[in-house]
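Engineer: work.cif is reproduced in full below (mmCIF, C-alpha atoms).
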data_run
loop_
_atom_site.label_atom_id
_atom_site.label_comp_id
_atom_site.auth_asym_id
_atom_site.auth_seq_id
_atom_site.Cartn_x
_atom_site.Cartn_y
_atom_site.Cartn_z
CA MET N 1 0.00 0.00 0.00
CA GLY N 2 2.83 2.37 0.86
CA SER N 3 4.52 1.79 -2.48
CA VAL N 4 1.26 2.52 -4.33
CA ILE N 5 0.84 5.81 -2.43
CA LYS N 6 4.44 6.75 -3.24
CA GLN N 7 3.97 5.96 -6.92
CA GLU N 8 0.69 7.88 -7.13
CA LYS N 9 1.83 10.98 -5.19
CA PHE N 10 1.11 13.26 -8.17
CA LEU N 11 -2.44 11.94 -8.46
CA LEU N 12 -2.93 12.30 -4.70
CA LEU N 13 -1.81 15.93 -4.92
CA ALA N 14 -4.36 16.49 -7.68
CA ILE N 15 -7.10 14.86 -5.57
CA LEU N 16 -6.24 17.06 -2.57
CA ALA N 17 -6.27 20.12 -4.84
CA ALA N 18 -9.72 19.17 -6.13
CA LEU N 19 -11.05 18.65 -2.60
CA ALA N 20 -9.71 22.08 -1.58
CA ALA N 21 -10.72 23.93 -4.77
CA TYR N 22 -14.46 23.30 -4.56
CA PRO N 23 -15.11 24.77 -1.08
CA LEU N 24 -12.70 27.65 -1.78
CA GLU N 25 -14.07 28.44 -5.26
CA HIS N 26 -16.10 31.49 -4.26
CA GLN N 27 -13.23 32.94 -2.22
CA LEU N 28 -10.82 32.49 -5.12
CA LEU N 29 -13.19 34.18 -7.54
CA GLY N 30 -14.08 36.94 -5.10
CA HIS N 31 -10.56 38.32 -4.60
CA GLY N 32 -10.07 39.84 -8.03
CA ARG N 33 -8.48 38.88 -11.33
CA THR N 34 -4.91 38.45 -10.07
CA VAL N 35 -5.81 35.88 -7.41
CA ALA N 36 -8.13 34.09 -9.86
CA LEU N 37 -5.38 33.92 -12.50
CA ILE N 38 -2.81 32.55 -10.03
CA ALA N 39 -5.33 29.98 -8.78
CA GLY N 40 -6.19 28.99 -12.35
CA LEU N 41 -2.54 28.45 -13.28
CA ALA N 42 -1.98 26.44 -10.08
CA LEU N 43 -4.94 24.23 -10.98
CA VAL N 44 -3.47 23.76 -14.46
CA ALA N 45 -0.33 22.38 -12.79
CA PHE N 46 -2.41 19.93 -10.75
CA ILE N 47 -4.32 18.88 -13.89
CA VAL N 48 -0.98 18.16 -15.58
CA CYS N 49 0.04 16.06 -12.55
CA ALA N 50 -3.15 14.01 -12.87
CA SER N 51 -2.82 13.69 -16.65
CA LEU N 52 0.76 12.42 -16.26
CA ARG N 53 -0.54 9.57 -14.09
CA VAL N 54 -3.35 8.88 -16.55
CA ALA N 55 -0.79 8.65 -19.34
CA HIS N 56 1.49 6.46 -17.22
CA HIS N 57 -1.21 3.90 -16.60
CA ALA N 58 -2.25 4.12 -20.23
CA GLU N 59 1.39 3.26 -21.02
CA VAL N 60 1.24 0.30 -18.62
CA LEU N 61 -1.89 -0.96 -20.38
CA ALA N 62 -0.32 -0.25 -23.76
CA GLU N 63 2.78 -2.28 -22.90
CA LYS N 64 0.65 -5.21 -21.79
CA VAL N 65 -1.34 -5.34 -25.04
CA GLY N 66 1.46 -4.25 -27.42
CA ASP N 67 1.30 -2.20 -30.63
CA PRO N 68 -0.81 -1.05 -32.37
CA TYR N 69 -3.30 -1.39 -29.49
CA GLY N 70 -0.86 0.28 -27.12
CA THR N 71 -0.50 3.58 -28.91
CA MET N 72 -4.26 3.58 -29.52
CA ILE N 73 -4.82 3.47 -25.75
CA LEU N 74 -2.30 6.30 -25.25
CA THR N 75 -3.88 8.59 -27.81
CA LEU N 76 -7.44 7.82 -26.70
CA SER N 77 -6.60 8.63 -23.08
CA ALA N 78 -5.19 12.02 -24.13
CA VAL N 79 -8.24 12.78 -26.27
CA LEU N 80 -10.51 11.77 -23.39
CA VAL N 81 -8.79 14.30 -21.13
CA GLU N 82 -9.16 16.97 -23.82
CA VAL N 83 -12.86 16.25 -24.40
CA VAL N 84 -13.60 16.33 -20.66
CA ILE N 85 -11.88 19.71 -20.22
CA LEU N 86 -13.51 21.16 -23.34
CA ALA N 87 -16.98 19.98 -22.38
CA ILE N 88 -16.69 21.50 -18.91
CA MET N 89 -15.27 24.80 -20.17
CA MET N 90 -17.99 25.07 -22.82
CA SER N 91 -20.70 24.40 -20.25
CA ASN N 92 -19.34 27.13 -17.96
CA GLU N 93 -18.50 29.90 -20.41
CA PRO N 94 -19.49 29.01 -24.02
CA SER N 95 -17.03 30.30 -26.59
CA PRO N 96 -17.94 29.91 -30.28
CA THR N 97 -14.32 29.38 -31.32
CA LEU N 98 -12.86 27.40 -28.37
CA VAL N 99 -13.45 23.94 -29.89
CA ARG N 100 -12.07 24.95 -33.29
CA ASP N 101 -9.02 26.67 -31.82
CA THR N 102 -8.30 23.76 -29.45
CA ILE N 103 -8.39 21.17 -32.26
CA TYR N 104 -6.18 23.41 -34.42
CA ALA N 105 -3.75 23.97 -31.54
CA ALA N 106 -3.66 20.23 -30.77
CA VAL N 107 -2.78 19.36 -34.38
CA MET N 108 -0.03 22.00 -34.45
CA LEU N 109 1.30 20.80 -31.09
CA ASP N 110 1.18 17.10 -31.96
CA ILE N 111 2.60 17.18 -35.49
CA ASN N 112 4.91 20.21 -35.43
CA GLY N 113 5.73 20.30 -31.71
CA ILE N 114 5.93 16.67 -30.56
CA LEU N 115 6.95 15.04 -33.86
CA GLY N 116 9.29 17.90 -34.74
CA LEU N 117 11.11 17.99 -31.41
CA ALA N 118 11.28 14.18 -31.18
CA ALA N 119 12.67 13.82 -34.73
CA LEU N 120 15.15 16.63 -34.06
CA MET N 121 16.45 15.17 -30.79
CA GLY N 122 16.36 11.58 -32.03
CA GLY N 123 18.09 12.57 -35.27
CA LEU N 124 20.88 14.39 -33.43
CA LYS N 125 21.45 11.30 -31.27
CA HIS N 126 20.88 8.44 -33.73
CA GLY N 127 21.05 9.98 -37.21
CA GLU N 128 18.33 8.53 -39.44
CA GLN N 129 15.53 6.78 -37.54
CA VAL N 130 13.36 4.20 -39.27
CA TYR N 131 9.62 3.58 -39.02
CA ASN N 132 6.80 2.07 -41.10
CA ASP N 133 5.93 4.68 -43.75
CA SER N 134 2.53 3.06 -44.38
CA SER N 135 1.38 4.38 -41.00
CA ALA N 136 2.47 7.96 -41.77
CA ARG N 137 0.66 7.99 -45.12
CA THR N 138 -2.51 6.53 -43.61
CA TYR N 139 -2.54 9.01 -40.74
CA SER N 140 -1.79 12.02 -42.98
CA VAL N 141 -4.54 11.40 -45.53
CA MET N 142 -7.11 10.74 -42.80
CA ILE N 143 -6.16 13.90 -40.88
CA LEU N 144 -6.44 15.95 -44.09
CA THR N 145 -9.85 14.41 -44.89
CA ALA N 146 -11.22 14.83 -41.35
CA MET N 147 -10.06 18.45 -41.01
CA GLY N 148 -11.26 19.33 -44.49
CA VAL N 149 -14.76 17.94 -43.89
CA SER N 150 -15.19 19.30 -40.36
CA MET N 151 -13.12 22.52 -40.30
CA VAL N 152 -12.78 23.86 -43.88
CA VAL N 153 -16.04 23.02 -45.65
CA PRO N 154 -18.21 24.58 -42.86
CA GLU N 155 -17.02 28.00 -44.06
CA PHE N 156 -19.22 27.51 -47.13
CA ILE N 157 -22.30 26.08 -45.40
CA PRO N 158 -25.30 28.48 -45.15
CA GLU N 159 -26.12 29.43 -41.57
CA GLY N 160 -29.60 27.93 -41.80
CA ASP N 161 -28.21 24.50 -42.74
CA TRP N 162 -25.72 24.14 -39.88
CA LYS N 163 -27.75 21.46 -38.06
CA LEU N 164 -27.99 19.29 -41.17
CA TYR N 165 -24.27 19.57 -41.92
CA SER N 166 -23.38 19.12 -38.25
CA ALA N 167 -25.30 15.83 -38.19
CA PHE N 168 -23.56 14.80 -41.42
CA THR N 169 -20.17 15.64 -39.89
CA ILE N 170 -20.90 13.46 -36.86
CA GLY N 171 -21.80 10.54 -39.12
CA ALA N 172 -18.75 11.06 -41.35
CA MET N 173 -16.36 11.15 -38.39
CA VAL N 174 -17.92 8.01 -36.87
CA VAL N 175 -17.60 6.14 -40.19
CA LEU N 176 -14.00 7.30 -40.64
CA TYR N 177 -12.99 6.29 -37.14
CA THR N 178 -14.77 2.94 -37.36
CA LEU N 179 -12.87 2.09 -40.55
CA PHE N 180 -9.60 3.39 -39.09
CA LEU N 181 -10.09 1.32 -35.94
CA ARG N 182 -10.77 -1.78 -38.02
CA MET N 183 -7.57 -1.15 -39.97
CA GLN N 184 -5.50 -0.42 -36.86
CA VAL N 185 -6.49 -3.54 -34.94
CA GLY N 186 -7.54 -5.78 -37.82
CA PRO N 187 -5.94 -7.12 -41.00
CA HIS N 188 -3.94 -3.91 -41.62
CA SER N 189 -2.49 -3.62 -38.12
CA TYR N 190 1.00 -4.10 -39.59
CA PHE N 191 0.65 -0.59 -41.08
CA PHE N 192 1.12 0.83 -37.57
CA SER N 193 3.93 -1.31 -36.20
CA TYR N 194 7.64 -1.78 -36.79
CA ASN N 195 9.88 -4.63 -35.71
CA TYR N 196 12.82 -3.58 -33.54
CA PRO N 197 15.16 -6.60 -33.20
CA GLU N 198 17.10 -4.97 -30.36
CA LYS N 199 13.86 -4.22 -28.54
CA LYS N 200 12.77 -7.86 -28.65
CA LYS N 201 16.00 -8.94 -27.01
CA GLN N 202 15.32 -6.59 -24.11
CA ARG N 203 11.67 -7.61 -23.74
CA HIS N 204 12.33 -9.81 -20.72
CA GLY N 205 15.00 -7.62 -19.19
CA PRO N 206 14.79 -5.55 -16.04
CA GLU N 207 13.09 -2.70 -17.93
CA ALA N 208 10.40 -4.87 -19.48
CA SER N 209 7.66 -3.37 -17.37
CA HIS N 210 7.06 -0.06 -15.67
CA GLU N 211 6.12 -1.38 -12.25
CA PRO N 212 4.27 -4.23 -10.54
CA GLY N 213 0.52 -3.94 -10.45
CA SER N 214 -2.61 -5.50 -11.79
CA LEU N 215 -4.40 -4.60 -14.98
CA GLY N 216 -7.50 -3.72 -12.96
CA MET N 217 -5.57 -1.28 -10.78
CA SER N 218 -4.21 0.55 -13.83
CA ILE N 219 -7.70 0.81 -15.32
CA GLY N 220 -9.13 2.02 -12.00
CA ILE N 221 -6.46 4.69 -11.50
CA LEU N 222 -6.83 5.81 -15.12
CA VAL N 223 -10.59 6.32 -14.66
CA LEU N 224 -10.04 8.06 -11.30
CA GLY N 225 -7.50 10.37 -12.91
CA VAL N 226 -9.96 11.43 -15.62
CA VAL N 227 -12.63 12.15 -12.97
CA VAL N 228 -10.16 14.27 -10.96
CA ILE N 229 -9.16 16.17 -14.11
CA GLY N 230 -12.81 16.94 -14.80
CA ALA N 231 -13.32 18.21 -11.24
CA LEU N 232 -10.23 20.43 -11.41
CA ALA N 233 -11.17 21.72 -14.87
CA GLU N 234 -14.51 22.93 -13.51
CA VAL N 235 -12.84 25.40 -11.11
CA MET N 236 -9.87 26.07 -13.41
CA SER N 237 -12.18 27.20 -16.21
CA LYS N 238 -13.95 29.80 -14.06
CA SER N 239 -10.68 31.03 -12.52
CA LEU N 240 -8.93 31.50 -15.87
CA ASP N 241 -11.97 33.17 -17.43
CA LEU N 242 -11.99 35.74 -14.64
CA GLY N 243 -8.20 36.06 -14.49
CA LEU N 244 -7.81 36.70 -18.24
CA GLU N 245 -10.83 39.00 -18.49
CA GLY N 246 -9.73 42.36 -19.83
CA SER N 247 -6.08 41.29 -20.04
CA GLY N 248 -5.93 41.55 -23.82
CA ALA N 249 -4.64 37.97 -24.16
CA PRO N 250 -5.62 36.44 -27.53
CA PRO N 251 -8.59 34.02 -27.17
CA VAL N 252 -6.55 31.24 -28.81
CA MET N 253 -4.27 31.16 -25.74
CA THR N 254 -6.95 29.34 -23.75
CA ALA N 255 -7.21 26.78 -26.56
CA ILE N 256 -3.44 26.30 -26.59
CA LEU N 257 -3.53 25.74 -22.83
CA VAL N 258 -6.19 23.03 -23.15
CA ALA N 259 -4.25 21.34 -25.97
CA ALA N 260 -0.98 21.52 -24.00
CA ILE N 261 -2.59 19.98 -20.90
CA SER N 262 -3.91 16.98 -22.84
CA ALA N 263 -0.65 16.59 -24.80
CA SER N 264 1.78 16.97 -21.88
CA PRO N 265 2.07 13.21 -21.19
CA GLU N 266 2.43 12.46 -24.90
CA ILE N 267 5.37 14.85 -25.15
CA LEU N 268 7.34 12.93 -22.52
CA THR N 269 6.41 9.54 -23.98
CA ALA N 270 7.35 10.59 -27.53
CA LEU N 271 10.69 12.11 -26.49
CA ARG N 272 11.62 8.97 -24.54
CA ALA N 273 10.74 6.85 -27.58
CA ALA N 274 12.79 9.06 -29.94
CA LEU N 275 15.84 8.98 -27.69
CA ALA N 276 15.47 5.19 -27.49
CA ASN N 277 15.49 5.07 -31.33
CA ARG N 278 11.84 3.96 -31.54
CA MET N 279 10.49 6.41 -34.12
CA GLN N 280 7.44 4.26 -34.93
CA ALA N 281 6.07 4.97 -31.47
CA VAL N 282 6.62 8.72 -32.05
CA VAL N 283 4.77 8.62 -35.38
CA ASN N 284 1.90 6.65 -33.85
CA ILE N 285 1.65 9.02 -30.88
CA ALA N 286 1.96 12.34 -32.75
CA LEU N 287 -0.12 11.56 -35.82
CA GLY N 288 -2.47 9.21 -33.95
CA ALA N 289 -3.20 11.89 -31.37
CA SER N 290 -3.86 14.47 -34.10
CA LEU N 291 -6.25 12.15 -35.92
CA SER N 292 -8.01 11.10 -32.71
CA THR N 293 -8.39 14.73 -31.63
CA VAL N 294 -10.16 15.66 -34.86
CA ILE N 295 -12.11 12.50 -35.49
CA LEU N 296 -13.34 12.03 -31.89
CA THR N 297 -13.56 15.56 -30.48
CA VAL N 298 -15.55 16.90 -33.44
CA PRO N 299 -18.53 14.50 -33.19
CA VAL N 300 -18.75 14.83 -29.39
CA MET N 301 -18.73 18.62 -29.46
CA GLU N 302 -21.00 18.79 -32.53
CA ALA N 303 -23.47 16.57 -30.68
CA MET N 304 -23.34 19.02 -27.76
CA ALA N 305 -24.06 21.87 -30.19
CA LEU N 306 -27.07 20.04 -31.63
CA TYR N 307 -28.34 19.24 -28.14
CA SER N 308 -28.00 22.82 -26.90
CA GLY N 309 -29.08 24.42 -30.17
CA GLN N 310 -26.02 26.70 -30.07
CA PRO N 311 -23.64 26.23 -33.04
CA PHE N 312 -19.85 26.47 -32.69
CA GLN N 313 -17.61 28.28 -35.16
CA MET N 314 -15.85 25.22 -36.62
CA ALA N 315 -14.53 26.78 -39.85
CA MET N 316 -10.85 27.68 -39.50
CA THR N 317 -9.59 31.17 -40.22
CA PRO N 318 -7.55 31.69 -43.43
CA VAL N 319 -4.31 31.76 -41.41
CA GLN N 320 -5.21 28.51 -39.61
CA THR N 321 -6.15 26.84 -42.90
CA VAL N 322 -2.82 27.82 -44.48
CA MET N 323 -0.86 26.58 -41.45
CA VAL N 324 -2.67 23.24 -41.46
CA PHE N 325 -2.14 22.84 -45.21
CA ILE N 326 1.60 23.62 -44.94
CA THR N 327 1.94 21.28 -41.94
CA LEU N 328 0.27 18.33 -43.67
CA LEU N 329 2.18 18.98 -46.91
CA VAL N 330 5.53 19.05 -45.09
CA CYS N 331 4.46 15.97 -43.10
CA ALA N 332 3.57 14.08 -46.29
CA ILE N 333 6.96 14.91 -47.85
CA ASN N 334 9.04 14.23 -44.73
CA LEU N 335 7.30 10.99 -43.75
CA ASN N 336 7.29 9.38 -47.18
CA ASP N 337 10.52 7.37 -47.09
CA GLY N 338 10.42 5.45 -43.80
CA GLN N 339 13.23 7.48 -42.21
CA THR N 340 13.40 10.71 -40.21
CA ASN N 341 16.39 12.93 -39.48
CA ALA N 342 17.21 16.12 -37.61
CA ILE N 343 16.57 18.37 -40.64
CA GLU N 344 13.03 17.03 -41.02
CA GLY N 345 12.48 17.51 -37.32
CA MET N 346 13.69 21.11 -37.53
CA THR N 347 11.28 21.94 -40.39
CA HIS N 348 8.34 20.88 -38.23
CA PHE N 349 9.70 22.68 -35.18
CA VAL N 350 10.05 25.93 -37.18
CA LEU N 351 6.39 25.54 -38.17
CA PHE N 352 5.53 25.09 -34.50
CA ALA N 353 7.43 28.28 -33.62
CA THR N 354 5.52 30.05 -36.39
CA PHE N 355 2.24 28.82 -34.92
CA ILE N 356 3.19 30.20 -31.47
CA MET N 357 4.24 33.52 -33.00
CA LEU N 358 0.99 33.87 -34.95
CA SER N 359 -1.02 32.96 -31.85
CA CYS N 360 0.73 35.63 -29.77
CA MET N 361 -0.16 38.11 -32.53
CA GLY N 362 -3.80 37.05 -32.21
CA LEU N 363 -3.90 35.44 -35.68
#
Rewrite the structure from the file as structure tokens, please.

Structural biologist:
Amino acid sequence: MGSVIKQEKFLLLAILAALAAYPLEHQLLGHGRTVALIAGLALVAFIVCASLRVAHHAEVLAEKVGDPYGTMILTLSAVLVEVVILAIMMSNEPSPTLVRDTIYAAVMLDINGILGLAALMGGLKHGEQVYNDSSARTYSVMILTAMGVSMVVPEFIPEGDWKLYSAFTIGAMVVLYTLFLRMQVGPHSYFFSYNYPEKKKQRHGPEASHEPGSLGMSIGILVLGVVVIGALAEVMSKSLDLGLEGSGAPPVMTAILVAAISASPEILTALRAALANRMQAVVNIALGASLSTVILTVPVMEAMALYSGQPFQMAMTPVQTVMVFITLLVCAINLNDGQTNAIEGMTHFVLFATFIMLSCMGL
């Protein structure tokens, strides 16, 4: 029992923060914008602590079932965290562009940030790193299709037809994900895996597993972590809304924060994989997370819009559309030969820096 408490100290801190935040919510919000902003940022830190434990136990489950199921569990857990935070923030203070900006920020962060930094660091350490290029092509074309249908075409849909197209979008995303899931775990599962001979030799070594513990315990802690994140997000949303009110901060900054919270565990996992010369895991995490964010977040949030009768602004701005197009074009060129290197990683990381710069400019 003592070892479990020691291992889960970050999650326990998040639970204590949630238990303290609810009774103190009115006091935090009643002491002005500065106190609310500090409290909101502190709650973000506790949410990251909880999400790290969620990702850790997702990794434990992933290691037990192996690829491609493993990376699927990792990406789904991150998307679940994102959807929970988004749903709570939208229920507290509806923003017509929050969902769109969060999905856009997540794609930029996953492909240009995580993949770019991992390929850069892994390339500097190992030179060229190999992976299965079938996975990269499959991910890229599905991301382009999903974003085009759900975040580009809506710009041309008449306002009176938004419910009809929203329902169509939900159906299209469900069909796409169903087919993708069948490919990922069915007869085309080899698209998303790569054989590492040196990894197989180490499978039964001292580092073969993260830690002792049952499958049920990992599932239970993962579910508990998501519940705690939801509870913290409830207070965090109100605190940040008040703290940023009148500050002049671009609205997209909130979206970037949500995307960064959900992606924080993936960043660590991807960097460890890149430094261990396991680029296939990086590709699966970065591109899989981007695809899952679009293809799962869109139908859930569109369903919320239909239920509430309040449409979201899903069509990307011209700047966002150009950035997504350049990102996916560079991704398709870089990930077409089954090898990554530091130069390819740097091209994505420059695009990520451009995204941050444009966001700070309010574009």

Engineer: When distances are computed from all atoms listed in the file, which of N:Gly362, N:Gly345, N:Gly148, N:Gly288 shows the smallest separation from Gly122 of chain N?

Structural biologist: N:Gly345

Engineer: Fewer than 3 positions away in the same chain doesn't count, so skip those; otherwise give me all residues within 7 Å of Gln280 of chain N, counting all atoms listed in the file, as a PyMOL selection string.

Structural biologist: chain N and resi 131-132+193-194+283-284

Engineer: Any chance you could resolve the PyMOL selection byres ((chain N and resi 84) around 9) against this file and give the residues as JSON, numbers by chain?

Structural biologist: {"N": [79, 80, 81, 82, 83, 85, 86, 87, 88, 89, 226, 227, 229, 230, 233]}

Engineer: Name the residues within 7 Å of (-0.6, 10.8, -12.5), counting all atoms listed in the file in the file's coordinates, and put them as a ChimeraX atom specification.

Structural biologist: /N:8,10-11,49-54,56,225

Engineer: If the PyMOL selection byres ((chain N and resi 169) around 9) is run on the structure shown, which residues does it catch, given as a ChimeraX atom specification?

Structural biologist: /N:149-150,164-168,170-174,298-299,302

Engineer: Can you pull out the residues contacting Met279 of chain N? Cut-off 7 Å, using all atoms listed in the file, and skip same-chain residues under 3 positions away; I want them as a VMD selection string.

Structural biologist: chain N and resid 129 to 131 273 to 274 282 to 283

Engineer: I'd like to know which of N:Leu120, N:Ala263, N:Leu61, N:Met314 is closest to Thr347 of chain N, using all atoms listed in the file.

Structural biologist: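 Smallest distance to Thr347 of chain N is found for N:Leu120.
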